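Beneath this line is the structure, given in structure tokens, with notes to follow.
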Amino acid sequence: MKFKIPIFDIKNLNFSVKGQKVLSNISLEIFSSEYIAIIGPNGGGKTTLIRMLLGLEKPTSGEIKIFGKKLNDFKEWYKIGFVPQRASHVDSSFPATVLDIVKMGRSSQKTIFSSFGEQDRALVHDAMVKMDVLDLKDKMIGTLSGGQRQRVMIARALASKPEILILDEPNTGVDMASQKRFYALLRTLNQEEKITIVFITHDVGVIADDIARLFTINQKAIICNNPKQTLSCEEMSTLYGIDAHLLHNHKHEH
Amino acid sequence: MLEMFEYDFMQRAFIAGMIIATLASISGTFVVLRHYSMISETLAHSALVGVAVGLVAGFNPLWMAVLVAIISAWLIEYLRSEFSLYSDAVLAILLSGSLAIAVIIVSLGGAFNNSLFSYLFGSILSVSIEDVYTISIFGTIALTSLLLFSKELYFIAYDEEVAKVSGIKVRLLNFLLVSVVAVIIALSIRVVGSLLIGALMVIPTISALQFKVGFLKTIIISLVIALLSVGSGMTLSFYFSLPSGATIVLCVLTIFIVSLLINRK
């Protein structure tokens with residue numbers, strides 16, 4: 001598989017809280033059109049890593065580049081769609097229809113003097129069609145099932161026309177049937193729309209066929225270029241150990 | 001009914017009341033959705049410090065109220081974002097602190113009189129034509145600033161973190177929201193009173209939320225409830241010689257109870 005455009009370039013990243021190391025010397029690259037999964041035990045630093053990539057936490061040391069720019073210089077945040085862990089849990093009394101939520105995806109690209117135009121409407125419509133939530137557009141978000149809410153949150157992310165989608169354990173509280181449908185939609189987005197997908201999960205087995213690479217984070221990062229093989233071998237259990245080692249690191253052709 | 005409009009002071013009070021209902025209910029929607037309802041109470045008490053300074057030092061109490069309310073709003077936002085303090089605790093601290101400072105200033109200055117009383121509970125008799133102009137002009141500026149960023153503020157209210165990741169200047173807009181609310185509250189206390197403005201800002205939105213409709217409809221319902229409350233409150237206060245602010249609040253509370261009952265599951 002050939003990947004040409006680096007989206008995230010992370011070098012020697014360290015993060016400590018009150019002297020306690022959360023992430024240690026993480027270096028990894030994420031390329032355009034990849035489908036990767038990040039797994040690891042609770043407290044292993046998966047979400048912290050993602051929060052740093054998104055500029056929500058500052059690393060103790062190390063460097064993050066997004067689309068070739070240093071994190072502080074990067075301004076085109078609309079290129080990154082983020083679906084947080086709590087996506088399927090919403091405040092049921094919040095006054096928002098599905099359409100209201102998906103339209104939020106266009107908010108960051110509007111200036112105070114530009115109104116919601118034809119192009120915005122078309123992008124919002126397309127995002128709802130792709131995520132199969134068009135029929136629900138006038139429904140209140142609080143009345144939807146966990147699976148439906150999850151699709152709405154991804155539609156919101158897609159409305160900004162992102163080049164990369166980052167999903168932080170979005171399946172919490174979602175039933176199995178909805179999860180399967182969800183994985184199929186992600187596969188389509190990756191294969192047909194060429195959207196890079198970074199999926200943080202506990203349950204990597206179900207997407208092993210789809211993902212190109214697997215990162216395991218437990219303070220340190222382990223990069224595996226053959227997820228299916230890794231998942232089936234006994235060494236998988238060691239991935240959840242405290243002091244992990246590099247299992248595979250085949251170089252991609254850039 | 002129309003008899004009350006034969007009086008100039010009632011015409012002024014009615015116009016000012018309707019403007020305040022519009023400002024308070026629309027800005028209140030954003031405040032309530034941010035789970036920031038108590039900020040209106042705190043800022044109203046901070047505004048009272050400005051009124052006290054104005055009364056004692058001989059400055060225009062309304063302008064001093066606007067100034068002190070804005071400073072207080074920035075302090076709240078700064079403390080909330082820079083220190084690990086619970087938002088509601090910050091509001092409670094500033095609320096009681098402001099009230100204490102206001103009372104001490106007024107007591108030391110020997111100005112604990114009807115003037116301060118009118119700012120505490122509101123007085124339709126005290127609304128001058130200059131007040132109507134001031135409320136109209138600065139209220140329109142404040143509300144326009146808020147509406148220009150309504151999409152972004154709505155996104156922040158729904159999910160602050162995702163809004164930040166998508167490139168929205170969350171911190172700046174949080175400061176804008178509290179500043180606008182501070183201005184609106186300070187402008188309103190002459191008519192509704194600092195002890196009662198919080199109710200006009202929060203209760204119409206809470207009532208509108210019972211209808212479980214989208215964002216725009218929620219704002220419209222909240223606005224209608226606020227206008228109805230102020231209109232009926234002022235009418236009742238005129239004909240039954242009741243205090244205007246308290247009557248308005250009782251009207252909005254009645255509408256809230258009705259909206260709860262008709263939307264009961």
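Letters A, B, ... mark the chains of the structure tokens in the order given; residue numbers begin at 1 per chain; ligand numbers begin at 1, in order shown.
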Report task. Identify all chain A residues at most 6 Å from chain B by counting only C-alpha atoms; ligands do not count. Present them as a PyMOL selection string. Result -> chain A and resi 77-78+95-97+104+107-108+112
Dump of N, CA and C atoms for the selected residues, as a PDB file, in the first residue's frame:
ATOM      1  N   TRP A  77      -8.421  23.635  10.855  1.00  0.00           N
ATOM      2  CA  TRP A  77      -8.953  22.564  11.701  1.00  0.00           C
ATOM      3  C   TRP A  77     -10.158  21.863  11.086  1.00  0.00           C
ATOM      4  N   TYR A  78     -10.813  22.534  10.122  1.00  0.00           N
ATOM      5  CA  TYR A  78     -11.969  21.904   9.477  1.00  0.00           C
ATOM      6  C   TYR A  78     -11.565  20.633   8.738  1.00  0.00           C
ATOM      7  N   PRO A  95     -31.948  21.612  22.974  1.00  0.00           N
ATOM      8  CA  PRO A  95     -32.878  21.888  21.870  1.00  0.00           C
ATOM      9  C   PRO A  95     -32.199  21.798  20.504  1.00  0.00           C
ATOM     10  N   ALA A  96     -32.048  20.588  20.014  1.00  0.00           N
ATOM     11  CA  ALA A  96     -31.371  20.438  18.724  1.00  0.00           C
ATOM     12  C   ALA A  96     -32.009  19.313  17.924  1.00  0.00           C
ATOM     13  N   THR A  97     -32.343  19.610  16.679  1.00  0.00           N
ATOM     14  CA  THR A  97     -32.767  18.562  15.765  1.00  0.00           C
ATOM     15  C   THR A  97     -31.495  17.986  15.135  1.00  0.00           C
ATOM     16  N   MET A 104     -23.867  22.277  12.567  1.00  0.00           N
ATOM     17  CA  MET A 104     -22.743  22.757  13.394  1.00  0.00           C
ATOM     18  C   MET A 104     -21.410  22.485  12.693  1.00  0.00           C
ATOM     19  N   SER A 107     -20.096  25.462  11.010  1.00  0.00           N
ATOM     20  CA  SER A 107     -19.947  26.707  11.790  1.00  0.00           C
ATOM     21  C   SER A 107     -18.548  27.305  11.721  1.00  0.00           C
ATOM     22  N   SER A 108     -17.526  26.452  11.838  1.00  0.00           N
ATOM     23  CA  SER A 108     -16.172  26.998  11.941  1.00  0.00           C
ATOM     24  C   SER A 108     -15.698  27.612  10.627  1.00  0.00           C
ATOM     25  N   ILE A 112     -18.415  35.968  10.294  1.00  0.00           N
ATOM     26  CA  ILE A 112     -19.628  36.566  10.854  1.00  0.00           C
ATOM     27  C   ILE A 112     -20.521  37.183   9.783  1.00  0.00           C
TER      28      ILE A 112
END
Requested in this report: as a VMD selection string, list the residues of segment 123-185 of chain A assigned to strand (DSSP E or B) by DSSP on the backbone atoms of this structure.
Outcome: chain A and resid 140 164 to 168
Write the selection just made, keeping N, CA and C atoms, as a short mmCIF file (atom, residue, chain, number, x, y, z; two decimals), in the first residue's frame?
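After the write, out_37.cif holds the following:
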data_model
loop_
_atom_site.label_atom_id
_atom_site.label_comp_id
_atom_site.auth_asym_id
_atom_site.auth_seq_id
_atom_site.Cartn_x
_atom_site.Cartn_y
_atom_site.Cartn_z
N MET A 140 -35.63 15.29 17.20
CA MET A 140 -34.78 15.84 18.26
C MET A 140 -33.68 14.84 18.59
N ILE A 164 -9.52 13.85 7.44
CA ILE A 164 -9.26 12.79 8.42
C ILE A 164 -10.37 12.78 9.46
N LEU A 165 -10.77 11.58 9.83
CA LEU A 165 -11.78 11.42 10.87
C LEU A 165 -11.12 10.73 12.06
N ILE A 166 -11.23 11.34 13.24
CA ILE A 166 -10.67 10.72 14.44
C ILE A 166 -11.84 10.34 15.34
N LEU A 167 -11.94 9.06 15.65
CA LEU A 167 -13.07 8.59 16.44
C LEU A 167 -12.55 7.96 17.73
N ASP A 168 -12.94 8.56 18.86
CA ASP A 168 -12.46 8.09 20.15
C ASP A 168 -13.51 7.18 20.80
#
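Within 9 Å of segment 103-105 of chain B, once only C-alpha atoms are used and residues closer than 2 positions along the same chain are dropped, the contacting residues are Leu48, Val49, Ala52, Val53, Val56, Ser98, Leu99, Ala100, Ile101, Ser107, Leu108, Gly109, Gly110, Ala111 and Phe112 of chain B.
Each of B:Phe240, B:Trp74, B:Phe5, B:Tyr86 was compared to Ala182 of chain B using only C-alpha atoms, and B:Trp74 turns out to be the nearest.
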Report task. Write out as a PyMOL selection string the residues lying within 9 Å of segment 40-46 of chain B, counting only C-alpha atoms and excluding same-chain residues fewer than 6 positions away. Result -> chain B and resi 28+31+65+68-73+91-99+101-102+120+181-182+185-186+189+193-199+201-202
Query raised in the report: Hey, can you check how far atom CA of Glu76 of chain A sits from atom CA of Arg34 of chain B?
Result: 26.0 Å
Query raised in the report: From the list B:Leu23, B:Glu3, B:Ile124, B:Phe238, which residue is nearest Thr144 of chain B when using only C-alpha atoms?
Result: B:Leu23
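By only C-alpha atoms, and with residues fewer than 3 positions from segment 180-191 of chain A along its chain excluded, the set lying at most 7 Å from it is Ser33, Tyr35, Met176, Ala177, Lys194, Ile195, Thr196, Ile197 and Asp210 of chain A.
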Output file for the residues above (N, CA and C atoms, as a tab-separated table (two decimals), in the first residue's frame):
chain	number	residue	atom	x	y	z
A	33	SER	N	-5.30	8.70	3.62
A	33	SER	CA	-6.10	7.54	3.18
A	33	SER	C	-5.86	6.28	4.01
A	35	TYR	N	-6.31	3.73	7.21
A	35	TYR	CA	-7.32	3.38	8.20
A	35	TYR	C	-6.55	2.73	9.33
A	176	MET	N	-24.93	-4.07	19.13
A	176	MET	CA	-24.08	-4.78	18.17
A	176	MET	C	-24.49	-4.55	16.71
A	177	ALA	N	-25.81	-4.58	16.45
A	177	ALA	CA	-26.29	-4.42	15.07
A	177	ALA	C	-25.88	-3.05	14.53
A	194	LYS	N	-11.90	8.15	0.42
A	194	LYS	CA	-10.46	8.31	0.72
A	194	LYS	C	-10.22	9.16	1.97
A	195	ILE	N	-11.14	9.06	2.91
A	195	ILE	CA	-10.96	9.79	4.17
A	195	ILE	C	-10.08	8.95	5.09
A	196	THR	N	-9.06	9.57	5.64
A	196	THR	CA	-8.18	8.89	6.59
A	196	THR	C	-8.97	8.66	7.88
A	197	ILE	N	-8.85	7.46	8.43
A	197	ILE	CA	-9.61	7.18	9.65
A	197	ILE	C	-8.68	6.72	10.76
A	210	ASP	N	-10.29	-4.30	8.08
A	210	ASP	CA	-10.29	-2.98	7.43
A	210	ASP	C	-9.01	-2.20	7.66
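Within the 7 Å cut-off around segment 22-30 of chain A, using only C-alpha atoms and omitting residues fewer than 4 positions from it on the same chain, the listed residues are Pro6, Ile7, Phe8, Asp9, Ile10, Lys11, Asn12, Leu13, Asn14, Phe15, Ser16, Val17, Gly45, Gln219, Lys220 and Ala221 of chain A.
Ranking A:Lys139, A:Lys21, A:Lys75, A:Lys103 by their shortest atom-to-atom distance to Ser61 of chain A, with only C-alpha atoms included, puts A:Lys21 first.
If you look at atom CA of Gly245 of chain B and atom CA of Gly122 of chain B, they are 5.4 Å away from each other.
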Requested in this report: Please give the complete set of residues from segment 38-240 of chain A that DSSP, run on the backbone, assigns to alpha helix (DSSP H), formatted as a ChimeraX atom specification.
Outcome: /A:46-53,98-107,118-130,146-159,176-191,227-232,236-239
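Here atom CA of Val102 of chain A stands at a distance of 6.0 Å from atom CA of Ala155 of chain A.
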Query raised in the report: Do you know which residues are at most 12 Å from Arg106 of chain A counting only C-alpha atoms, after dropping those on the same chain fewer than 5 positions away, and could you put them as a PyMOL selection string?
Result: (chain A and resi 77-79+81+99-101+111+114-125+127+155-162) or (chain B and resi 151-152+155+163+166-168)
Saved selection, atoms kept: C-alpha atoms, as a short mmCIF file (atom, residue, chain, number, x, y, z; two decimals), in the first residue's frame:
data_model
loop_
_atom_site.label_atom_id
_atom_site.label_comp_id
_atom_site.auth_asym_id
_atom_site.auth_seq_id
_atom_site.Cartn_x
_atom_site.Cartn_y
_atom_site.Cartn_z
CA TRP A 77 -8.95 22.56 11.70
CA TYR A 78 -11.97 21.90 9.48
CA LYS A 79 -9.79 19.30 7.74
CA GLY A 81 -13.31 15.64 11.94
CA LEU A 99 -30.30 19.03 11.13
CA ASP A 100 -29.21 21.58 13.80
CA ILE A 101 -26.40 19.23 14.90
CA THR A 111 -17.28 34.24 9.00
CA SER A 114 -21.22 34.95 5.57
CA SER A 115 -24.58 33.29 5.81
CA PHE A 116 -25.41 29.63 5.44
CA GLY A 117 -25.37 29.25 1.65
CA GLU A 118 -26.19 26.73 -1.06
CA GLN A 119 -22.82 25.01 -0.75
CA ASP A 120 -23.24 24.60 3.01
CA ARG A 121 -26.73 23.19 2.52
CA ALA A 122 -25.42 20.73 -0.08
CA LEU A 123 -22.57 19.56 2.20
CA VAL A 124 -24.93 19.11 5.15
CA HIS A 125 -27.36 17.19 2.93
CA ALA A 127 -23.25 14.22 5.04
CA ALA A 155 -22.42 13.36 9.77
CA ARG A 156 -21.60 16.57 11.67
CA ALA A 157 -17.88 15.82 11.32
CA LEU A 158 -18.32 15.03 7.61
CA ALA A 159 -20.17 18.30 6.95
CA SER A 160 -16.88 20.17 7.35
CA LYS A 161 -15.47 18.05 4.50
CA PRO A 162 -12.63 16.63 6.59
CA LYS B 151 -23.94 29.54 15.30
CA GLU B 152 -20.60 29.29 17.06
CA PHE B 155 -21.97 24.72 18.86
CA ALA B 163 -16.21 23.17 18.81
CA SER B 166 -13.16 22.42 14.70
CA GLY B 167 -11.34 25.76 14.95
CA ILE B 168 -13.89 27.90 16.79
#
Report summary line: Using only C-alpha atoms, the residue out of B:Leu125, B:Ile26, B:Met38, B:Ile15 with shortest distance to Ala226 of chain B is B:Ile26
